[in-house]
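Structure below is input-v5.cif: mmCIF, C-alpha atoms.
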data_final
#
loop_
_atom_site.group_PDB
_atom_site.id
_atom_site.type_symbol
_atom_site.label_atom_id
_atom_site.label_comp_id
_atom_site.auth_asym_id
_atom_site.auth_seq_id
_atom_site.Cartn_x
_atom_site.Cartn_y
_atom_site.Cartn_z
ATOM 1 C CA MET A 247 -35.154 -19.752 31.150
ATOM 2 C CA ALA A 248 -34.941 -18.619 27.525
ATOM 3 C CA ILE A 249 -31.876 -16.667 26.439
ATOM 4 C CA GLY A 250 -32.654 -13.252 24.975
ATOM 5 C CA LEU A 251 -30.918 -9.922 24.485
ATOM 6 C CA ASN A 252 -32.413 -8.788 27.774
ATOM 7 C CA SER A 253 -30.797 -11.603 29.772
ATOM 8 C CA ILE A 254 -27.218 -11.677 28.433
ATOM 9 C CA HIS A 255 -24.419 -9.747 30.147
ATOM 10 C CA ALA A 256 -20.625 -9.503 30.200
ATOM 11 C CA PRO A 257 -18.713 -12.181 32.170
ATOM 12 C CA LYS A 258 -17.866 -11.336 35.789
ATOM 13 C CA GLY A 259 -14.677 -9.241 36.055
ATOM 14 C CA SER A 260 -14.498 -8.308 32.370
ATOM 15 C CA THR A 261 -15.818 -4.760 32.809
ATOM 16 C CA HIS A 262 -14.498 -2.019 35.094
ATOM 17 C CA LYS A 263 -16.000 1.210 36.403
ATOM 18 C CA LYS A 264 -14.706 4.396 34.760
ATOM 19 C CA LYS A 265 -12.315 6.510 36.899
ATOM 20 C CA ARG A 266 -14.247 9.626 37.934
ATOM 21 C CA LEU A 267 -11.651 12.365 38.297
ATOM 22 C CA GLY A 268 -11.997 15.560 40.330
ATOM 23 C CA ARG A 269 -15.041 14.495 42.335
ATOM 24 C CA GLY A 270 -13.974 15.502 45.861
ATOM 25 C CA PRO A 271 -11.405 14.328 48.429
ATOM 26 C CA GLY A 272 -13.349 11.187 49.348
ATOM 27 C CA SER A 273 -12.894 9.679 45.909
ATOM 28 C CA GLY A 274 -9.086 9.611 46.159
ATOM 29 C CA LEU A 275 -8.901 11.435 42.830
ATOM 30 C CA GLY A 276 -10.161 14.877 43.843
ATOM 31 C CA LYS A 277 -8.350 18.254 43.719
ATOM 32 C CA THR A 278 -5.466 17.484 41.314
ATOM 33 C CA ALA A 279 -7.306 14.512 39.734
ATOM 34 C CA GLY A 280 -4.270 12.202 39.716
ATOM 35 C CA ARG A 281 -2.068 14.675 37.803
ATOM 36 C CA GLY A 282 0.202 15.564 40.712
ATOM 37 C CA GLU A 283 1.102 19.171 41.500
ATOM 38 C CA LYS A 284 2.270 21.931 39.131
ATOM 39 C CA GLY A 285 3.987 21.471 35.778
ATOM 40 C CA GLN A 286 3.248 21.109 32.085
ATOM 41 C CA LYS A 287 1.657 17.682 32.456
ATOM 42 C CA SER A 288 -0.806 18.925 35.078
ATOM 43 C CA ARG A 289 -2.302 21.591 32.789
ATOM 44 C CA SER A 290 -5.295 21.133 30.541
ATOM 45 C CA GLY A 291 -4.466 20.998 26.858
ATOM 46 C CA TYR A 292 -1.134 19.221 27.396
ATOM 47 C CA SER A 293 -0.148 16.706 24.745
ATOM 48 C CA ALA A 294 3.328 15.192 24.488
ATOM 49 C CA LYS A 295 5.207 15.619 21.222
ATOM 50 C CA ILE A 296 5.738 12.344 19.381
ATOM 51 C CA GLY A 297 9.269 11.130 20.062
ATOM 52 C CA PHE A 298 9.909 13.688 22.835
ATOM 53 C CA GLU A 299 12.232 12.255 25.481
ATOM 54 C CA GLY A 300 12.220 15.024 28.113
ATOM 55 C CA GLY A 301 14.905 17.109 26.436
ATOM 56 C CA GLN A 302 17.229 14.160 25.799
ATOM 57 C CA MET A 303 18.242 13.845 22.133
ATOM 58 C CA PRO A 304 15.408 11.764 20.612
ATOM 59 C CA LEU A 305 16.146 8.338 19.159
ATOM 60 C CA HIS A 306 15.308 9.367 15.587
ATOM 61 C CA ARG A 307 17.985 12.085 15.823
ATOM 62 C CA ARG A 308 20.570 9.901 17.619
ATOM 63 C CA LEU A 309 20.616 7.223 14.909
ATOM 64 C CA PRO A 310 22.719 7.766 11.769
ATOM 65 C CA LYS A 311 21.132 8.354 8.382
ATOM 66 C CA ARG A 312 21.749 5.591 5.843
ATOM 67 C CA GLY A 313 21.353 5.395 2.072
ATOM 68 C CA PHE A 314 19.200 7.543 -0.137
ATOM 69 C CA THR A 315 15.995 7.342 -2.208
ATOM 70 C CA ASN A 316 16.406 7.625 -5.945
ATOM 71 C CA ILE A 317 13.594 9.954 -7.031
ATOM 72 C CA PHE A 318 14.159 9.055 -10.683
ATOM 73 C CA LYS A 319 13.693 5.297 -10.120
ATOM 74 C CA LYS A 320 11.688 3.626 -12.881
ATOM 75 C CA GLU A 321 8.756 1.595 -11.548
ATOM 76 C CA TRP A 322 7.014 -1.016 -13.688
ATOM 77 C CA ILE A 323 3.659 -2.776 -13.465
ATOM 78 C CA GLU A 324 4.388 -6.457 -14.051
ATOM 79 C CA VAL A 325 2.011 -8.674 -16.047
ATOM 80 C CA SER A 326 2.670 -12.385 -16.628
ATOM 81 C CA LEU A 327 1.913 -14.302 -19.817
ATOM 82 C CA ALA A 328 -0.150 -16.780 -17.762
ATOM 83 C CA SER A 329 -2.550 -14.017 -16.636
ATOM 84 C CA LEU A 330 -2.841 -12.708 -20.226
ATOM 85 C CA ASP A 331 -3.606 -16.242 -21.417
ATOM 86 C CA ARG A 332 -6.436 -16.543 -18.849
ATOM 87 C CA SER A 333 -7.989 -13.121 -19.469
ATOM 88 C CA PHE A 334 -7.935 -12.737 -23.271
ATOM 89 C CA GLU A 335 -9.321 -14.638 -26.265
ATOM 90 C CA ALA A 336 -7.272 -15.617 -29.331
ATOM 91 C CA ASN A 337 -6.250 -12.811 -31.774
ATOM 92 C CA GLU A 338 -7.305 -10.117 -29.306
ATOM 93 C CA GLU A 339 -5.523 -6.746 -29.001
ATOM 94 C CA VAL A 340 -3.965 -6.221 -25.535
ATOM 95 C CA THR A 341 -3.224 -2.656 -24.349
ATOM 96 C CA PRO A 342 -2.525 -1.169 -20.881
ATOM 97 C CA GLU A 343 -6.001 0.451 -20.917
ATOM 98 C CA LEU A 344 -7.630 -2.927 -21.628
ATOM 99 C CA LEU A 345 -5.532 -4.570 -18.893
ATOM 100 C CA HIS A 346 -6.906 -1.962 -16.474
ATOM 101 C CA GLU A 347 -10.506 -2.571 -17.618
ATOM 102 C CA ARG A 348 -10.125 -6.348 -17.142
ATOM 103 C CA GLY A 349 -8.675 -5.823 -13.646
ATOM 104 C CA LEU A 350 -5.206 -7.262 -14.354
ATOM 105 C CA ILE A 351 -3.513 -4.016 -13.315
ATOM 106 C CA LYS A 352 -4.549 -1.100 -11.166
ATOM 107 C CA LYS A 353 -4.438 2.343 -12.777
ATOM 108 C CA ALA A 354 -2.320 2.469 -15.924
ATOM 109 C CA LYS A 355 -0.172 5.312 -14.527
ATOM 110 C CA ARG A 356 3.141 3.420 -14.653
ATOM 111 C CA ASP A 357 4.687 1.624 -17.590
ATOM 112 C CA VAL A 358 3.753 -2.016 -18.153
ATOM 113 C CA VAL A 359 6.304 -4.823 -18.513
ATOM 114 C CA VAL A 360 5.269 -8.275 -19.780
ATOM 115 C CA LEU A 361 7.076 -11.121 -17.995
ATOM 116 C CA GLY A 362 7.655 -14.548 -19.506
ATOM 117 C CA THR A 363 6.246 -16.515 -16.559
ATOM 118 C CA GLY A 364 3.681 -19.115 -17.577
ATOM 119 C CA GLU A 365 2.727 -20.318 -21.054
ATOM 120 C CA LEU A 366 0.797 -18.608 -23.862
ATOM 121 C CA SER A 367 -1.504 -20.990 -25.761
ATOM 122 C CA LYS A 368 -3.069 -18.471 -28.170
ATOM 123 C CA ALA A 369 -1.958 -15.696 -30.506
ATOM 124 C CA LEU A 370 -2.290 -12.232 -28.925
ATOM 125 C CA ARG A 371 -1.278 -8.794 -30.208
ATOM 126 C CA ILE A 372 0.260 -7.276 -27.063
ATOM 127 C CA SER A 373 1.279 -3.620 -26.683
ATOM 128 C CA ALA A 374 3.434 -2.795 -23.649
ATOM 129 C CA HIS A 375 6.294 -0.520 -22.628
ATOM 130 C CA ARG A 376 8.740 -3.408 -22.171
ATOM 131 C CA PHE A 377 8.973 -7.169 -22.747
ATOM 132 C CA THR A 378 11.386 -9.667 -21.236
ATOM 133 C CA ARG A 379 13.313 -11.747 -23.768
ATOM 134 C CA SER A 380 11.479 -14.967 -22.807
ATOM 135 C CA ALA A 381 8.082 -13.199 -23.026
ATOM 136 C CA ARG A 382 8.814 -11.902 -26.527
ATOM 137 C CA GLU A 383 9.931 -15.392 -27.653
ATOM 138 C CA LYS A 384 6.813 -17.094 -26.226
ATOM 139 C CA ILE A 385 4.463 -14.497 -27.791
ATOM 140 C CA GLU A 386 6.032 -14.925 -31.232
ATOM 141 C CA GLN A 387 6.091 -18.727 -30.818
ATOM 142 C CA ALA A 388 2.319 -18.679 -30.179
ATOM 143 C CA GLY A 389 1.830 -16.665 -33.397
ATOM 144 C CA GLY A 390 1.204 -13.316 -31.722
ATOM 145 C CA ALA A 391 2.933 -9.926 -31.911
ATOM 146 C CA ALA A 392 4.754 -7.868 -29.276
ATOM 147 C CA THR A 393 4.583 -4.105 -29.903
ATOM 148 C CA LEU A 394 6.601 -1.595 -27.869
ATOM 149 C CA ILE A 395 4.846 1.565 -26.689
ATOM 150 C CA THR A 396 7.238 4.508 -26.952
ATOM 151 C CA ARG A 397 7.008 7.973 -25.380
ATOM 152 C CA GLU A 398 5.838 9.558 -28.684
ATOM 153 C CA GLN A 399 2.891 7.129 -28.884
ATOM 154 C CA ALA A 400 1.944 7.543 -25.227
ATOM 155 C CA THR A 401 1.527 11.351 -25.286
ATOM 156 C CA PRO A 402 -1.452 12.665 -27.314
#
Please, can you express the file's structure as structure tokens?
Amino acid sequence: MAIGLNSIHAPKGSTHKKKRLGRGPGSGLGKTAGRGEKGQKSRSGYSAKIGFEGGQMPLHRRLPKRGFTNIFKKEWIEVSLASLDRSFEANEEVTPELLHERGLIKKAKRDVVVLGTGELSKALRISAHRFTRSAREKIEQAGGAATLITREQATP
């Protein structure tokens, strides 16, 4: 017999019949439909609050608060010299906008920092908001230039 879509079925015991609630006393789930007698949980439209523990103090309120979040924290987008070496030709100008176009960084919303990981084999003119000491040394050693982007330059 050839196997076709019309002859395949689920393995025995892998599927179950749906519980049919409120279909008479003979079904075993008639009248109250398995919800018991009165109370909030027996009513239609009931949905438990997330974390509700029946009036007991919920876990998220029992545990102590720890630490804080610094809302002024400076976040940087890190770019390595190795990735710049792969993505750019010699004597090319490198800016955060160009890094975004080439897919090295996601949106250029945060400031860019160039890290000194990897080697730079060609001279590049790199503009970024910050450079590590080793990155600056390697860029200048390769014959390139590292230019800092300041706040005055960034705002039009």
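Separating CA of Lys320 (chain A) from CA of Arg356 (chain A) is a distance of 8.7 Å.
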Measure the distance from CA of Arg307 (chain A) to CA of Gly291 (chain A) in Å and round it to one decimal.
26.6 Å
Do a neighbour search on Ile372 (chain A) at 10 Å with only C-alpha atoms, toss out local chain neighbours closer than 6 positions, and write the hits as a PyMOL selection string.
chain A and resi 330+337-342+360+382+385+390-395
Mind pulling up the distance from CA of Leu267 (chain A) to CA of Ala294 (chain A)?
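So the answer is 20.6 Å.
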Looking at all atoms listed in the file, which of A:Ala256, A:Val325, A:Ala336, A:Leu309 is the one that sits closest to His375 (chain A)?
A:Val325
Pick the closest to Gly362 (chain A) from A:Ala381, A:Ile296, A:Ala374, A:Ala279: which is it, counting only C-alpha atoms?
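So, comparing all the options, the nearest one is A:Ala381.
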Kindly provide, as a PyMOL selection string, the polymer residues lying within 9 Å of (6.2, -1.7, -10.5), counting only C-alpha atoms and using the coordinates exactly as they appear in the file.
chain A and resi 320-324+356-359
Residue members of the PyMOL selection byres ((chain A and resi 280) around 12) in the file shown, as a PyMOL selection string
chain A and resi 265-271+273-279+281-284+287-289
Pull C-alpha atoms from the residues just selected and write them as a PDB file, in the coordinates of the input.
ATOM      1  CA  LYS A 265     -12.315   6.510  36.899  1.00  0.00           C
ATOM      2  CA  ARG A 266     -14.247   9.626  37.934  1.00  0.00           C
ATOM      3  CA  LEU A 267     -11.651  12.365  38.297  1.00  0.00           C
ATOM      4  CA  GLY A 268     -11.997  15.560  40.330  1.00  0.00           C
ATOM      5  CA  ARG A 269     -15.041  14.495  42.335  1.00  0.00           C
ATOM      6  CA  GLY A 270     -13.974  15.502  45.861  1.00  0.00           C
ATOM      7  CA  PRO A 271     -11.405  14.328  48.429  1.00  0.00           C
ATOM      8  CA  SER A 273     -12.894   9.679  45.909  1.00  0.00           C
ATOM      9  CA  GLY A 274      -9.086   9.611  46.159  1.00  0.00           C
ATOM     10  CA  LEU A 275      -8.901  11.435  42.830  1.00  0.00           C
ATOM     11  CA  GLY A 276     -10.161  14.877  43.843  1.00  0.00           C
ATOM     12  CA  LYS A 277      -8.350  18.254  43.719  1.00  0.00           C
ATOM     13  CA  THR A 278      -5.466  17.484  41.314  1.00  0.00           C
ATOM     14  CA  ALA A 279      -7.306  14.512  39.734  1.00  0.00           C
ATOM     15  CA  ARG A 281      -2.068  14.675  37.803  1.00  0.00           C
ATOM     16  CA  GLY A 282       0.202  15.564  40.712  1.00  0.00           C
ATOM     17  CA  GLU A 283       1.102  19.171  41.500  1.00  0.00           C
ATOM     18  CA  LYS A 284       2.270  21.931  39.131  1.00  0.00           C
ATOM     19  CA  LYS A 287       1.657  17.682  32.456  1.00  0.00           C
ATOM     20  CA  SER A 288      -0.806  18.925  35.078  1.00  0.00           C
ATOM     21  CA  ARG A 289      -2.302  21.591  32.789  1.00  0.00           C
TER      22      ARG A 289
END
Residues within 10 Å of Glu365 (chain A), please, as a list in words. Count all atoms listed in the file; anything in the same chain fewer than 4 positions from it doesn't count.
Ser326, Leu327, Ala328, Ser329, Leu330, Asp331, Ala381, Lys384, Ile385 and Ala388 of chain A
Ranking A:Phe334, A:Ser260, A:Gln302, A:Thr396 by minimum distance to Ala369 (chain A) and counting all atoms listed in the file, which one comes first?
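Smallest separation from Ala369 (chain A) among the options: A:Phe334.
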Among listed residues A:Arg376, A:Gly349, A:Glu299, A:Lys258, nearest Arg397 (chain A) (using only C-alpha atoms):
A:Arg376
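Proximity ranking of A:Ser253, A:Met303, A:Ser293, A:Leu345 relative to Ser373 (chain A) places A:Leu345 first, based on all atoms listed in the file.
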Starting from the block above, write region 267-299 of chain A out to a file with N, CA, C and O atoms, as a PDB file, in the first residue's frame, please.
ATOM      1  N   LEU A 267     -17.717  19.985  28.459  1.00  0.00           N
ATOM      2  CA  LEU A 267     -18.264  20.419  29.740  1.00  0.00           C
ATOM      3  C   LEU A 267     -19.729  20.813  29.613  1.00  0.00           C
ATOM      4  O   LEU A 267     -20.148  21.348  28.586  1.00  0.00           O
ATOM      5  N   GLY A 268     -20.481  20.578  30.701  1.00  0.00           N
ATOM      6  CA  GLY A 268     -21.874  21.038  30.763  1.00  0.00           C
ATOM      7  C   GLY A 268     -22.779  20.374  29.754  1.00  0.00           C
ATOM      8  O   GLY A 268     -23.635  21.018  29.161  1.00  0.00           O
ATOM      9  N   ARG A 269     -22.608  19.070  29.541  1.00  0.00           N
ATOM     10  CA  ARG A 269     -23.433  18.358  28.572  1.00  0.00           C
ATOM     11  C   ARG A 269     -24.291  17.273  29.230  1.00  0.00           C
ATOM     12  O   ARG A 269     -24.380  16.154  28.738  1.00  0.00           O
ATOM     13  N   GLY A 270     -24.855  17.584  30.396  1.00  0.00           N
ATOM     14  CA  GLY A 270     -25.794  16.673  31.058  1.00  0.00           C
ATOM     15  C   GLY A 270     -25.134  15.813  32.123  1.00  0.00           C
ATOM     16  O   GLY A 270     -23.918  15.644  32.140  1.00  0.00           O
ATOM     17  N   PRO A 271     -25.989  15.239  33.028  1.00  0.00           N
ATOM     18  CA  PRO A 271     -25.454  14.471  34.157  1.00  0.00           C
ATOM     19  C   PRO A 271     -24.748  13.190  33.743  1.00  0.00           C
ATOM     20  O   PRO A 271     -23.865  12.709  34.452  1.00  0.00           O
ATOM     21  N   GLY A 272     -25.081  12.630  32.626  1.00  0.00           N
ATOM     22  CA  GLY A 272     -24.470  11.368  32.184  1.00  0.00           C
ATOM     23  C   GLY A 272     -23.008  11.515  31.810  1.00  0.00           C
ATOM     24  O   GLY A 272     -22.260  10.543  31.827  1.00  0.00           O
ATOM     25  N   SER A 273     -22.594  12.716  31.487  1.00  0.00           N
ATOM     26  CA  SER A 273     -21.218  12.913  31.026  1.00  0.00           C
ATOM     27  C   SER A 273     -20.229  12.964  32.192  1.00  0.00           C
ATOM     28  O   SER A 273     -19.024  12.824  32.002  1.00  0.00           O
ATOM     29  N   GLY A 274     -20.738  13.194  33.416  1.00  0.00           N
ATOM     30  CA  GLY A 274     -19.857  13.337  34.566  1.00  0.00           C
ATOM     31  C   GLY A 274     -19.349  14.760  34.723  1.00  0.00           C
ATOM     32  O   GLY A 274     -18.738  15.111  35.714  1.00  0.00           O
ATOM     33  N   LEU A 275     -19.586  15.596  33.731  1.00  0.00           N
ATOM     34  CA  LEU A 275     -19.170  16.994  33.793  1.00  0.00           C
ATOM     35  C   LEU A 275     -20.333  17.910  33.438  1.00  0.00           C
ATOM     36  O   LEU A 275     -20.168  18.934  32.780  1.00  0.00           O
ATOM     37  N   GLY A 276     -21.548  17.518  33.876  1.00  0.00           N
ATOM     38  CA  GLY A 276     -22.715  18.359  33.643  1.00  0.00           C
ATOM     39  C   GLY A 276     -22.884  19.351  34.771  1.00  0.00           C
ATOM     40  O   GLY A 276     -22.034  19.479  35.644  1.00  0.00           O
ATOM     41  N   LYS A 277     -23.995  20.055  34.815  1.00  0.00           N
ATOM     42  CA  LYS A 277     -24.381  21.025  35.838  1.00  0.00           C
ATOM     43  C   LYS A 277     -23.277  22.038  36.134  1.00  0.00           C
ATOM     44  O   LYS A 277     -23.209  23.062  35.498  1.00  0.00           O
ATOM     45  N   THR A 278     -22.342  21.734  37.050  1.00  0.00           N
ATOM     46  CA  THR A 278     -21.330  22.735  37.408  1.00  0.00           C
ATOM     47  C   THR A 278     -20.093  22.649  36.509  1.00  0.00           C
ATOM     48  O   THR A 278     -19.160  23.445  36.653  1.00  0.00           O
ATOM     49  N   ALA A 279     -20.036  21.695  35.618  1.00  0.00           N
ATOM     50  CA  ALA A 279     -18.980  21.565  34.611  1.00  0.00           C
ATOM     51  C   ALA A 279     -17.588  21.478  35.222  1.00  0.00           C
ATOM     52  O   ALA A 279     -16.624  22.053  34.719  1.00  0.00           O
ATOM     53  N   GLY A 280     -17.461  20.759  36.356  1.00  0.00           N
ATOM     54  CA  GLY A 280     -16.146  20.544  36.952  1.00  0.00           C
ATOM     55  C   GLY A 280     -15.600  21.720  37.731  1.00  0.00           C
ATOM     56  O   GLY A 280     -14.453  21.717  38.158  1.00  0.00           O
ATOM     57  N   ARG A 281     -16.444  22.772  37.945  1.00  0.00           N
ATOM     58  CA  ARG A 281     -15.974  23.960  38.664  1.00  0.00           C
ATOM     59  C   ARG A 281     -16.370  23.948  40.140  1.00  0.00           C
ATOM     60  O   ARG A 281     -16.118  24.924  40.847  1.00  0.00           O
ATOM     61  N   GLY A 282     -17.004  22.898  40.596  1.00  0.00           N
ATOM     62  CA  GLY A 282     -17.431  22.847  41.987  1.00  0.00           C
ATOM     63  C   GLY A 282     -18.679  23.684  42.195  1.00  0.00           C
ATOM     64  O   GLY A 282     -19.406  23.984  41.254  1.00  0.00           O
ATOM     65  N   GLU A 283     -18.951  24.051  43.458  1.00  0.00           N
ATOM     66  CA  GLU A 283     -20.140  24.853  43.742  1.00  0.00           C
ATOM     67  C   GLU A 283     -19.812  26.335  43.640  1.00  0.00           C
ATOM     68  O   GLU A 283     -18.948  26.712  42.881  1.00  0.00           O
ATOM     69  N   LYS A 284     -20.443  27.160  44.507  1.00  0.00           N
ATOM     70  CA  LYS A 284     -20.307  28.614  44.392  1.00  0.00           C
ATOM     71  C   LYS A 284     -18.863  29.112  44.549  1.00  0.00           C
ATOM     72  O   LYS A 284     -17.968  28.343  44.865  1.00  0.00           O
ATOM     73  N   GLY A 285     -18.686  30.400  44.376  1.00  0.00           N
ATOM     74  CA  GLY A 285     -17.376  31.016  44.596  1.00  0.00           C
ATOM     75  C   GLY A 285     -16.845  31.699  43.349  1.00  0.00           C
ATOM     76  O   GLY A 285     -17.360  31.499  42.250  1.00  0.00           O
ATOM     77  N   GLN A 286     -15.804  32.506  43.553  1.00  0.00           N
ATOM     78  CA  GLN A 286     -15.258  33.310  42.459  1.00  0.00           C
ATOM     79  C   GLN A 286     -14.791  32.443  41.296  1.00  0.00           C
ATOM     80  O   GLN A 286     -15.029  32.748  40.129  1.00  0.00           O
ATOM     81  N   LYS A 287     -14.173  31.318  41.605  1.00  0.00           N
ATOM     82  CA  LYS A 287     -13.615  30.470  40.549  1.00  0.00           C
ATOM     83  C   LYS A 287     -14.689  29.749  39.740  1.00  0.00           C
ATOM     84  O   LYS A 287     -14.403  29.232  38.665  1.00  0.00           O
ATOM     85  N   SER A 288     -15.912  29.691  40.260  1.00  0.00           N
ATOM     86  CA  SER A 288     -16.972  28.994  39.527  1.00  0.00           C
ATOM     87  C   SER A 288     -17.649  29.911  38.509  1.00  0.00           C
ATOM     88  O   SER A 288     -18.366  29.450  37.643  1.00  0.00           O
ATOM     89  N   ARG A 289     -17.438  31.226  38.636  1.00  0.00           N
ATOM     90  CA  ARG A 289     -18.135  32.180  37.773  1.00  0.00           C
ATOM     91  C   ARG A 289     -17.458  32.309  36.414  1.00  0.00           C
ATOM     92  O   ARG A 289     -16.250  32.086  36.278  1.00  0.00           O
ATOM     93  N   SER A 290     -18.246  32.712  35.432  1.00  0.00           N
ATOM     94  CA  SER A 290     -17.648  32.983  34.120  1.00  0.00           C
ATOM     95  C   SER A 290     -16.917  34.316  34.195  1.00  0.00           C
ATOM     96  O   SER A 290     -17.298  35.199  34.970  1.00  0.00           O
ATOM     97  N   GLY A 291     -15.860  34.445  33.447  1.00  0.00           N
ATOM     98  CA  GLY A 291     -15.100  35.690  33.451  1.00  0.00           C
ATOM     99  C   GLY A 291     -14.022  35.748  34.516  1.00  0.00           C
ATOM    100  O   GLY A 291     -13.303  36.728  34.611  1.00  0.00           O
ATOM    101  N   TYR A 292     -13.895  34.680  35.321  1.00  0.00           N
ATOM    102  CA  TYR A 292     -12.859  34.677  36.367  1.00  0.00           C
ATOM    103  C   TYR A 292     -11.483  34.502  35.736  1.00  0.00           C
ATOM    104  O   TYR A 292     -11.290  33.664  34.856  1.00  0.00           O
ATOM    105  N   SER A 293     -10.534  35.318  36.173  1.00  0.00           N
ATOM    106  CA  SER A 293      -9.135  35.069  35.810  1.00  0.00           C
ATOM    107  C   SER A 293      -8.288  35.487  36.993  1.00  0.00           C
ATOM    108  O   SER A 293      -8.441  36.584  37.534  1.00  0.00           O
ATOM    109  N   ALA A 294      -7.386  34.587  37.422  1.00  0.00           N
ATOM    110  CA  ALA A 294      -6.567  34.830  38.601  1.00  0.00           C
ATOM    111  C   ALA A 294      -5.548  35.918  38.305  1.00  0.00           C
ATOM    112  O   ALA A 294      -4.988  35.985  37.220  1.00  0.00           O
ATOM    113  N   LYS A 295      -5.308  36.782  39.291  1.00  0.00           N
ATOM    114  CA  LYS A 295      -4.263  37.793  39.143  1.00  0.00           C
ATOM    115  C   LYS A 295      -2.913  37.106  39.167  1.00  0.00           C
ATOM    116  O   LYS A 295      -2.706  36.161  39.934  1.00  0.00           O
ATOM    117  N   ILE A 296      -1.980  37.586  38.370  1.00  0.00           N
ATOM    118  CA  ILE A 296      -0.636  37.013  38.347  1.00  0.00           C
ATOM    119  C   ILE A 296       0.014  37.252  39.704  1.00  0.00           C
ATOM    120  O   ILE A 296       0.024  38.375  40.201  1.00  0.00           O
ATOM    121  N   GLY A 297       0.520  36.189  40.302  1.00  0.00           N
ATOM    122  CA  GLY A 297       1.194  36.309  41.596  1.00  0.00           C
ATOM    123  C   GLY A 297       0.262  36.261  42.787  1.00  0.00           C
ATOM    124  O   GLY A 297       0.712  36.328  43.918  1.00  0.00           O
ATOM    125  N   PHE A 298      -1.057  36.158  42.565  1.00  0.00           N
ATOM    126  CA  PHE A 298      -2.010  36.136  43.683  1.00  0.00           C
ATOM    127  C   PHE A 298      -1.919  34.809  44.416  1.00  0.00           C
ATOM    128  O   PHE A 298      -1.905  33.748  43.789  1.00  0.00           O
ATOM    129  N   GLU A 299      -1.792  34.872  45.742  1.00  0.00           N
ATOM    130  CA  GLU A 299      -1.623  33.661  46.543  1.00  0.00           C
ATOM    131  C   GLU A 299      -2.756  33.515  47.559  1.00  0.00           C
ATOM    132  O   GLU A 299      -2.520  33.177  48.724  1.00  0.00           O
TER     133      GLU A 299
END
